[in-house]
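Shown next: run-v4.cif, containing mmCIF, C-alpha atoms.
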data_input
#
loop_
_atom_site.group_PDB
_atom_site.id
_atom_site.type_symbol
_atom_site.label_atom_id
_atom_site.label_comp_id
_atom_site.auth_asym_id
_atom_site.auth_seq_id
_atom_site.Cartn_x
_atom_site.Cartn_y
_atom_site.Cartn_z
ATOM 1 C CA MET A 1 206.078 35.723 -7.774
ATOM 2 C CA ALA A 2 203.328 38.199 -6.984
ATOM 3 C CA GLU A 3 203.365 40.012 -3.641
ATOM 4 C CA TYR A 4 200.117 38.349 -2.552
ATOM 5 C CA GLN A 5 198.694 34.907 -3.261
ATOM 6 C CA LEU A 6 195.031 34.080 -2.681
ATOM 7 C CA TYR A 7 193.793 30.520 -2.249
ATOM 8 C CA CYS A 8 190.368 30.664 -3.852
ATOM 9 C CA PHE A 9 187.824 29.277 -6.292
ATOM 10 C CA ALA A 10 185.341 31.155 -8.458
ATOM 11 C CA GLN A 11 182.147 29.935 -6.810
ATOM 12 C CA SER A 12 183.118 31.249 -3.373
ATOM 13 C CA GLY A 13 181.619 34.596 -2.423
ATOM 14 C CA ASN A 14 184.022 34.750 0.502
ATOM 15 C CA ALA A 15 186.965 34.443 -1.885
ATOM 16 C CA TYR A 16 185.306 36.939 -4.240
ATOM 17 C CA ARG A 17 185.299 39.729 -1.668
ATOM 18 C CA ALA A 18 189.010 39.203 -0.959
ATOM 19 C CA ALA A 19 189.804 39.210 -4.692
ATOM 20 C CA LEU A 20 187.682 42.331 -5.170
ATOM 21 C CA MET A 21 189.614 44.131 -2.442
ATOM 22 C CA LEU A 22 192.946 43.122 -3.987
ATOM 23 C CA ASN A 23 191.835 44.446 -7.368
ATOM 24 C CA LEU A 24 190.431 47.690 -5.999
ATOM 25 C CA ILE A 25 193.610 48.567 -4.111
ATOM 26 C CA GLY A 26 195.734 47.747 -7.157
ATOM 27 C CA ALA A 27 197.611 44.952 -5.385
ATOM 28 C CA ASP A 28 200.110 42.687 -7.120
ATOM 29 C CA TRP A 29 198.442 39.317 -6.568
ATOM 30 C CA GLU A 30 197.809 35.926 -8.078
ATOM 31 C CA PRO A 31 195.136 33.281 -7.424
ATOM 32 C CA ILE A 32 195.914 29.751 -6.274
ATOM 33 C CA TRP A 33 193.001 27.571 -7.329
ATOM 34 C CA VAL A 34 191.555 25.202 -4.743
ATOM 35 C CA ASP A 35 189.652 22.155 -6.055
ATOM 36 C CA PHE A 36 186.650 22.438 -3.757
ATOM 37 C CA PHE A 37 184.046 20.432 -5.659
ATOM 38 C CA VAL A 38 185.858 17.404 -7.067
ATOM 39 C CA LYS A 39 188.664 16.702 -4.633
ATOM 40 C CA GLY A 40 187.504 18.675 -1.593
ATOM 41 C CA GLU A 41 191.113 19.839 -1.447
ATOM 42 C CA GLN A 42 190.512 22.332 1.370
ATOM 43 C CA ARG A 43 189.547 19.530 3.756
ATOM 44 C CA GLY A 44 192.535 17.328 2.998
ATOM 45 C CA PRO A 45 195.447 16.857 5.409
ATOM 46 C CA ALA A 46 197.957 18.666 3.190
ATOM 47 C CA TYR A 47 195.799 21.802 2.965
ATOM 48 C CA ARG A 48 194.958 21.770 6.669
ATOM 49 C CA THR A 49 198.601 21.344 7.600
ATOM 50 C CA ASN A 50 200.197 23.726 5.127
ATOM 51 C CA VAL A 51 197.529 26.332 4.340
ATOM 52 C CA ASN A 52 194.626 26.572 6.791
ATOM 53 C CA ALA A 53 193.852 24.284 9.711
ATOM 54 C CA MET A 54 190.194 25.371 9.487
ATOM 55 C CA GLY A 55 189.914 23.755 6.048
ATOM 56 C CA GLU A 56 188.446 26.877 4.448
ATOM 57 C CA VAL A 57 188.853 29.287 1.540
ATOM 58 C CA PRO A 58 189.964 32.054 1.117
ATOM 59 C CA VAL A 59 193.483 32.240 2.484
ATOM 60 C CA LEU A 60 195.695 35.248 1.763
ATOM 61 C CA VAL A 61 199.438 34.634 1.706
ATOM 62 C CA HIS A 62 201.699 37.636 2.207
ATOM 63 C CA GLY A 63 205.306 36.766 2.878
ATOM 64 C CA SER A 64 205.331 34.442 5.869
ATOM 65 C CA ARG A 65 201.729 35.288 6.807
ATOM 66 C CA LYS A 66 198.754 33.105 5.960
ATOM 67 C CA LEU A 67 195.489 34.855 6.804
ATOM 68 C CA SER A 68 192.065 33.232 6.710
ATOM 69 C CA GLN A 69 188.539 34.577 7.271
ATOM 70 C CA SER A 70 187.555 37.231 4.762
ATOM 71 C CA GLY A 71 186.916 39.919 7.387
ATOM 72 C CA VAL A 72 190.478 39.516 8.649
ATOM 73 C CA ILE A 73 191.818 39.640 5.082
ATOM 74 C CA LEU A 74 189.862 42.813 4.286
ATOM 75 C CA THR A 75 191.067 44.475 7.483
ATOM 76 C CA TYR A 76 194.687 43.528 6.823
ATOM 77 C CA LEU A 77 194.622 44.832 3.269
ATOM 78 C CA ALA A 78 192.905 48.063 4.325
ATOM 79 C CA ASP A 79 195.517 48.655 7.015
ATOM 80 C CA ARG A 80 198.425 47.978 4.642
ATOM 81 C CA SER A 81 197.080 49.959 1.697
ATOM 82 C CA GLY A 82 195.387 52.809 3.583
ATOM 83 C CA LYS A 83 192.319 52.264 1.374
ATOM 84 C CA PHE A 84 188.740 51.431 2.369
ATOM 85 C CA GLN A 85 189.650 51.952 6.011
ATOM 86 C CA PRO A 86 187.040 53.120 8.495
ATOM 87 C CA ASP A 87 187.964 56.531 9.895
ATOM 88 C CA GLY A 88 188.414 56.626 13.671
ATOM 89 C CA GLU A 89 187.280 54.328 16.450
ATOM 90 C CA ASP A 90 183.547 54.825 15.984
ATOM 91 C CA GLU A 91 183.727 53.936 12.294
ATOM 92 C CA ARG A 92 186.004 50.970 12.963
ATOM 93 C CA LEU A 93 183.493 49.561 15.421
ATOM 94 C CA GLU A 94 180.609 50.259 13.053
ATOM 95 C CA ALA A 95 182.448 48.552 10.179
ATOM 96 C CA LEU A 96 183.120 45.549 12.392
ATOM 97 C CA ARG A 97 179.442 45.451 13.375
ATOM 98 C CA TRP A 98 178.382 45.278 9.729
ATOM 99 C CA ILE A 99 181.068 42.739 8.786
ATOM 100 C CA ILE A 100 179.878 40.437 11.580
ATOM 101 C CA PHE A 101 176.228 41.016 10.600
ATOM 102 C CA ASP A 102 177.129 40.161 7.015
ATOM 103 C CA ASN A 103 179.016 36.992 7.898
ATOM 104 C CA GLN A 104 176.281 35.767 10.209
ATOM 105 C CA LYS A 105 173.095 37.097 8.643
ATOM 106 C CA VAL A 106 173.503 38.145 4.994
ATOM 107 C CA ASN A 107 176.146 36.140 3.173
ATOM 108 C CA GLY A 108 176.048 33.704 6.083
ATOM 109 C CA PHE A 109 172.600 32.671 4.805
ATOM 110 C CA LEU A 110 172.985 33.501 1.105
ATOM 111 C CA GLY A 111 176.039 31.268 0.727
ATOM 112 C CA PRO A 112 174.449 28.066 2.068
ATOM 113 C CA TYR A 113 171.161 28.853 0.292
ATOM 114 C CA ARG A 114 172.885 29.277 -3.079
ATOM 115 C CA PHE A 115 174.981 26.156 -2.549
ATOM 116 C CA LEU A 116 172.018 23.963 -1.594
ATOM 117 C CA ARG A 117 169.780 25.312 -4.350
ATOM 118 C CA PHE A 118 172.202 25.666 -7.265
ATOM 119 C CA LEU A 119 175.420 23.729 -6.642
ATOM 120 C CA ALA A 120 174.529 20.725 -4.474
ATOM 121 C CA LYS A 121 173.684 17.454 -6.209
ATOM 122 C CA PRO A 122 170.920 16.674 -5.397
ATOM 123 C CA PRO A 123 169.556 20.072 -4.295
ATOM 124 C CA GLY A 124 168.840 20.681 -0.624
ATOM 125 C CA ASP A 125 165.667 19.950 1.299
ATOM 126 C CA PRO A 126 162.909 22.429 0.275
ATOM 127 C CA ALA A 127 162.058 23.026 3.941
ATOM 128 C CA VAL A 128 165.650 24.040 4.676
ATOM 129 C CA LEU A 129 165.702 26.309 1.631
ATOM 130 C CA ALA A 130 162.436 27.935 2.720
ATOM 131 C CA PHE A 131 163.850 28.579 6.187
ATOM 132 C CA LEU A 132 167.017 30.147 4.773
ATOM 133 C CA LYS A 133 165.042 32.239 2.269
ATOM 134 C CA GLY A 134 162.911 33.692 5.061
ATOM 135 C CA ARG A 135 166.028 34.750 6.953
ATOM 136 C CA ILE A 136 167.598 36.154 3.774
ATOM 137 C CA ASP A 137 164.539 38.290 3.033
ATOM 138 C CA GLY A 138 164.516 39.772 6.529
ATOM 139 C CA ASN A 139 168.230 40.501 6.587
ATOM 140 C CA LEU A 140 168.361 42.015 3.105
ATOM 141 C CA ALA A 141 165.533 44.312 4.197
ATOM 142 C CA ILE A 142 167.827 45.627 6.940
ATOM 143 C CA VAL A 143 170.561 46.381 4.394
ATOM 144 C CA GLU A 144 168.009 47.967 2.040
ATOM 145 C CA GLU A 145 166.820 50.286 4.796
ATOM 146 C CA ARG A 146 170.385 51.169 5.767
ATOM 147 C CA LEU A 147 171.157 52.196 2.188
ATOM 148 C CA SER A 148 168.054 54.339 1.890
ATOM 149 C CA THR A 149 169.836 57.277 3.558
ATOM 150 C CA ARG A 150 173.470 56.891 2.450
ATOM 151 C CA ASP A 151 175.551 55.937 -0.578
ATOM 152 C CA PHE A 152 177.599 53.317 1.271
ATOM 153 C CA VAL A 153 177.149 51.330 4.462
ATOM 154 C CA LEU A 154 179.006 53.756 6.726
ATOM 155 C CA GLY A 155 178.271 56.964 4.843
ATOM 156 C CA PRO A 156 179.463 58.838 1.739
ATOM 157 C CA ARG A 157 182.500 56.676 0.935
ATOM 158 C CA PRO A 158 183.096 52.931 0.606
ATOM 159 C CA THR A 159 184.851 50.887 3.295
ATOM 160 C CA ILE A 160 185.586 47.244 3.968
ATOM 161 C CA ALA A 161 182.051 46.948 5.363
ATOM 162 C CA ASP A 162 180.741 47.411 1.814
ATOM 163 C CA LEU A 163 183.251 45.005 0.316
ATOM 164 C CA SER A 164 182.251 42.368 2.839
ATOM 165 C CA LEU A 165 178.528 42.717 2.143
ATOM 166 C CA VAL A 166 178.829 42.366 -1.642
ATOM 167 C CA GLY A 167 180.357 38.877 -1.323
ATOM 168 C CA TYR A 168 177.458 36.949 -2.843
ATOM 169 C CA LEU A 169 175.340 39.763 -4.273
ATOM 170 C CA TYR A 170 176.860 39.883 -7.766
ATOM 171 C CA TYR A 171 176.064 36.267 -8.632
ATOM 172 C CA PRO A 172 173.269 36.014 -11.254
ATOM 173 C CA PRO A 173 169.621 35.656 -10.166
ATOM 174 C CA LYS A 174 169.349 32.163 -11.703
ATOM 175 C CA GLU A 175 171.670 30.871 -8.976
ATOM 176 C CA PHE A 176 169.328 32.091 -6.228
ATOM 177 C CA GLY A 177 165.990 31.744 -7.961
ATOM 178 C CA PHE A 178 165.200 35.370 -7.177
ATOM 179 C CA ASP A 179 166.597 38.743 -8.234
ATOM 180 C CA ILE A 180 168.085 40.619 -5.282
ATOM 181 C CA ALA A 181 168.672 43.853 -7.198
ATOM 182 C CA ALA A 182 165.191 43.874 -8.733
ATOM 183 C CA GLN A 183 163.570 43.469 -5.321
ATOM 184 C CA HIS A 184 165.761 46.010 -3.482
ATOM 185 C CA LYS A 185 166.272 49.296 -5.320
ATOM 186 C CA ASN A 186 168.693 50.763 -2.773
ATOM 187 C CA ILE A 187 170.864 47.656 -2.807
ATOM 188 C CA ALA A 188 170.804 47.739 -6.620
ATOM 189 C CA ALA A 189 171.997 51.367 -6.709
ATOM 190 C CA TRP A 190 174.707 50.604 -4.132
ATOM 191 C CA LEU A 191 175.929 47.612 -6.159
ATOM 192 C CA ASP A 192 176.193 49.893 -9.199
ATOM 193 C CA ARG A 193 178.244 52.388 -7.174
ATOM 194 C CA ILE A 194 180.645 49.670 -6.070
ATOM 195 C CA LYS A 195 180.848 48.297 -9.612
ATOM 196 C CA ALA A 196 181.892 51.769 -10.792
ATOM 197 C CA LEU A 197 184.831 52.048 -8.379
ATOM 198 C CA PRO A 198 188.101 52.315 -10.331
ATOM 199 C CA ALA A 199 190.693 49.657 -9.594
ATOM 200 C CA GLY A 200 193.746 50.874 -7.769
ATOM 201 C CA SER A 201 192.677 54.490 -7.480
ATOM 202 C CA ILE A 202 190.486 54.790 -4.388
ATOM 203 C CA PRO A 203 191.796 57.734 -2.323
ATOM 204 C CA THR A 204 193.264 57.070 1.104
ATOM 205 C CA THR A 205 191.384 58.273 4.169
#
For this file, produce the structure as structure tokens.
Amino acid sequence: MAEYQLYCFAQSGNAYRAALMLNLIGADWEPIWVDFFVKGEQRGPAYRTNVNAMGEVPVLVHGSRKLSQSGVILTYLADRSGKFQPDGEDERLEALRWIIFDNQKVNGFLGPYRFLRFLAKPPGDPAVLAFLKGRIDGNLAIVEERLSTRDFVLGPRPTIADLSLVGYLYYPPKEFGFDIAAQHKNIAAWLDRIKALPAGSIPTT
């Protein structure tokens, strides 16, 4: 059995960021597929009792620990591996600020928007989609401006703040109906820098 197990499914940006972190730190891990769309497995009594009472994905299993919420998972893996950690109290607080902003404002809107537009049958109400798109545009503009003066969210090196923010940004434009990278040159360059990171070989801080 692998050291880590990750309850996940491919369409989840939240699960993606946890899987990305596991790959980048060179962790020994294996996925446990959750049937989200057909069976709604994550909301069933067995999953809530044995895996996550919140009925959500992802969940990271490490020994006797079961950790949910992707920001918690990223923090745990950074602390254990010594990789992608913020450096010092000021950076830790700044990373937390961006992780919360991401969960509430960036992927917190992109996830529901993508689901309602591309995955839901039938698609969501156009008025709801228009509302979400307006919020997405404003919040991506904040990230674009942030990346205009630095290579990564906190500065010259990547941290868990970056790995949180990329959660939904690598999905193809057809799933959103607009091209995030084409509309935001600084985000596009940052995504390329993250894509170029070598698995398992990021230096410790």
Neighbour list for segment 140-144 of chain A as an MDAnalysis selection string, cut-off 9 Å, only C-alpha atoms, skip fewer than 4 positions in-chain: chainID A and resid 105:106 135:136 148 153 180 184:187
One-decimal distance in Å that lies between atom CA of Phe9 of chain A and atom CA of Asp35 of chain A: 7.4 Å
Give me the residues of segment 108-167 of chain A that have any atom at most 12 Å from an atom of segment 92-96 of chain A; for each, the nearest atom pair and the distance in Å, rounded to one decimal. Use only C-alpha atoms, sort by chain and number, and format it as a Markdown table.
| residue | atom | partner | partner_atom | distance |
| --- | --- | --- | --- | --- |
| A:Phe152 | CA | A:Ala95 | CA | 11.2 |
| A:Val153 | CA | A:Ala95 | CA | 8.3 |
| A:Leu154 | CA | A:Ala95 | CA | 7.1 |
| A:Gly155 | CA | A:Ala95 | CA | 10.8 |
| A:Pro158 | CA | A:Ala95 | CA | 10.5 |
| A:Thr159 | CA | A:Ala95 | CA | 7.7 |
| A:Ile160 | CA | A:Ala95 | CA | 7.1 |
| A:Ala161 | CA | A:Ala95 | CA | 5.1 |
| A:Asp162 | CA | A:Ala95 | CA | 8.6 |
| A:Leu163 | CA | A:Ala95 | CA | 10.5 |
| A:Ser164 | CA | A:Ala95 | CA | 9.6 |
| A:Leu165 | CA | A:Ala95 | CA | 10.7 |
Distance query Ala181 of chain A at most 10 Å, only C-alpha atoms, self and fewer than 5 positions along chain excluded, as a list in words: Leu169, Tyr170, Pro172, Pro173, Asn186, Ile187, Ala188, Ala189, Trp190, Leu191 and Asp192 of chain A
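We find atom CA of Gly124 of chain A and atom CA of Ala19 of chain A to be spaced 28.3 Å apart.
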Residue nearest Tyr171 of chain A among A:Leu116, A:Val72, A:Val51, A:Ala10 (counting all atoms listed in the file):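 Of the candidates, the smallest distance to Tyr171 of chain A is held by A:Ala10.
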Let me know the centre plus edge lengths, in Å and rounded to one decimal, of a box with edges along x, y and z that contains all listed atoms of segment 32-36 of chain A and is padded by 5 Å on every side, as lines of an AutoDock Vina configuration file.
center_x = 191.3
center_y = 26.0
center_z = -5.5
size_x = 19.3
size_y = 17.6
size_z = 13.6
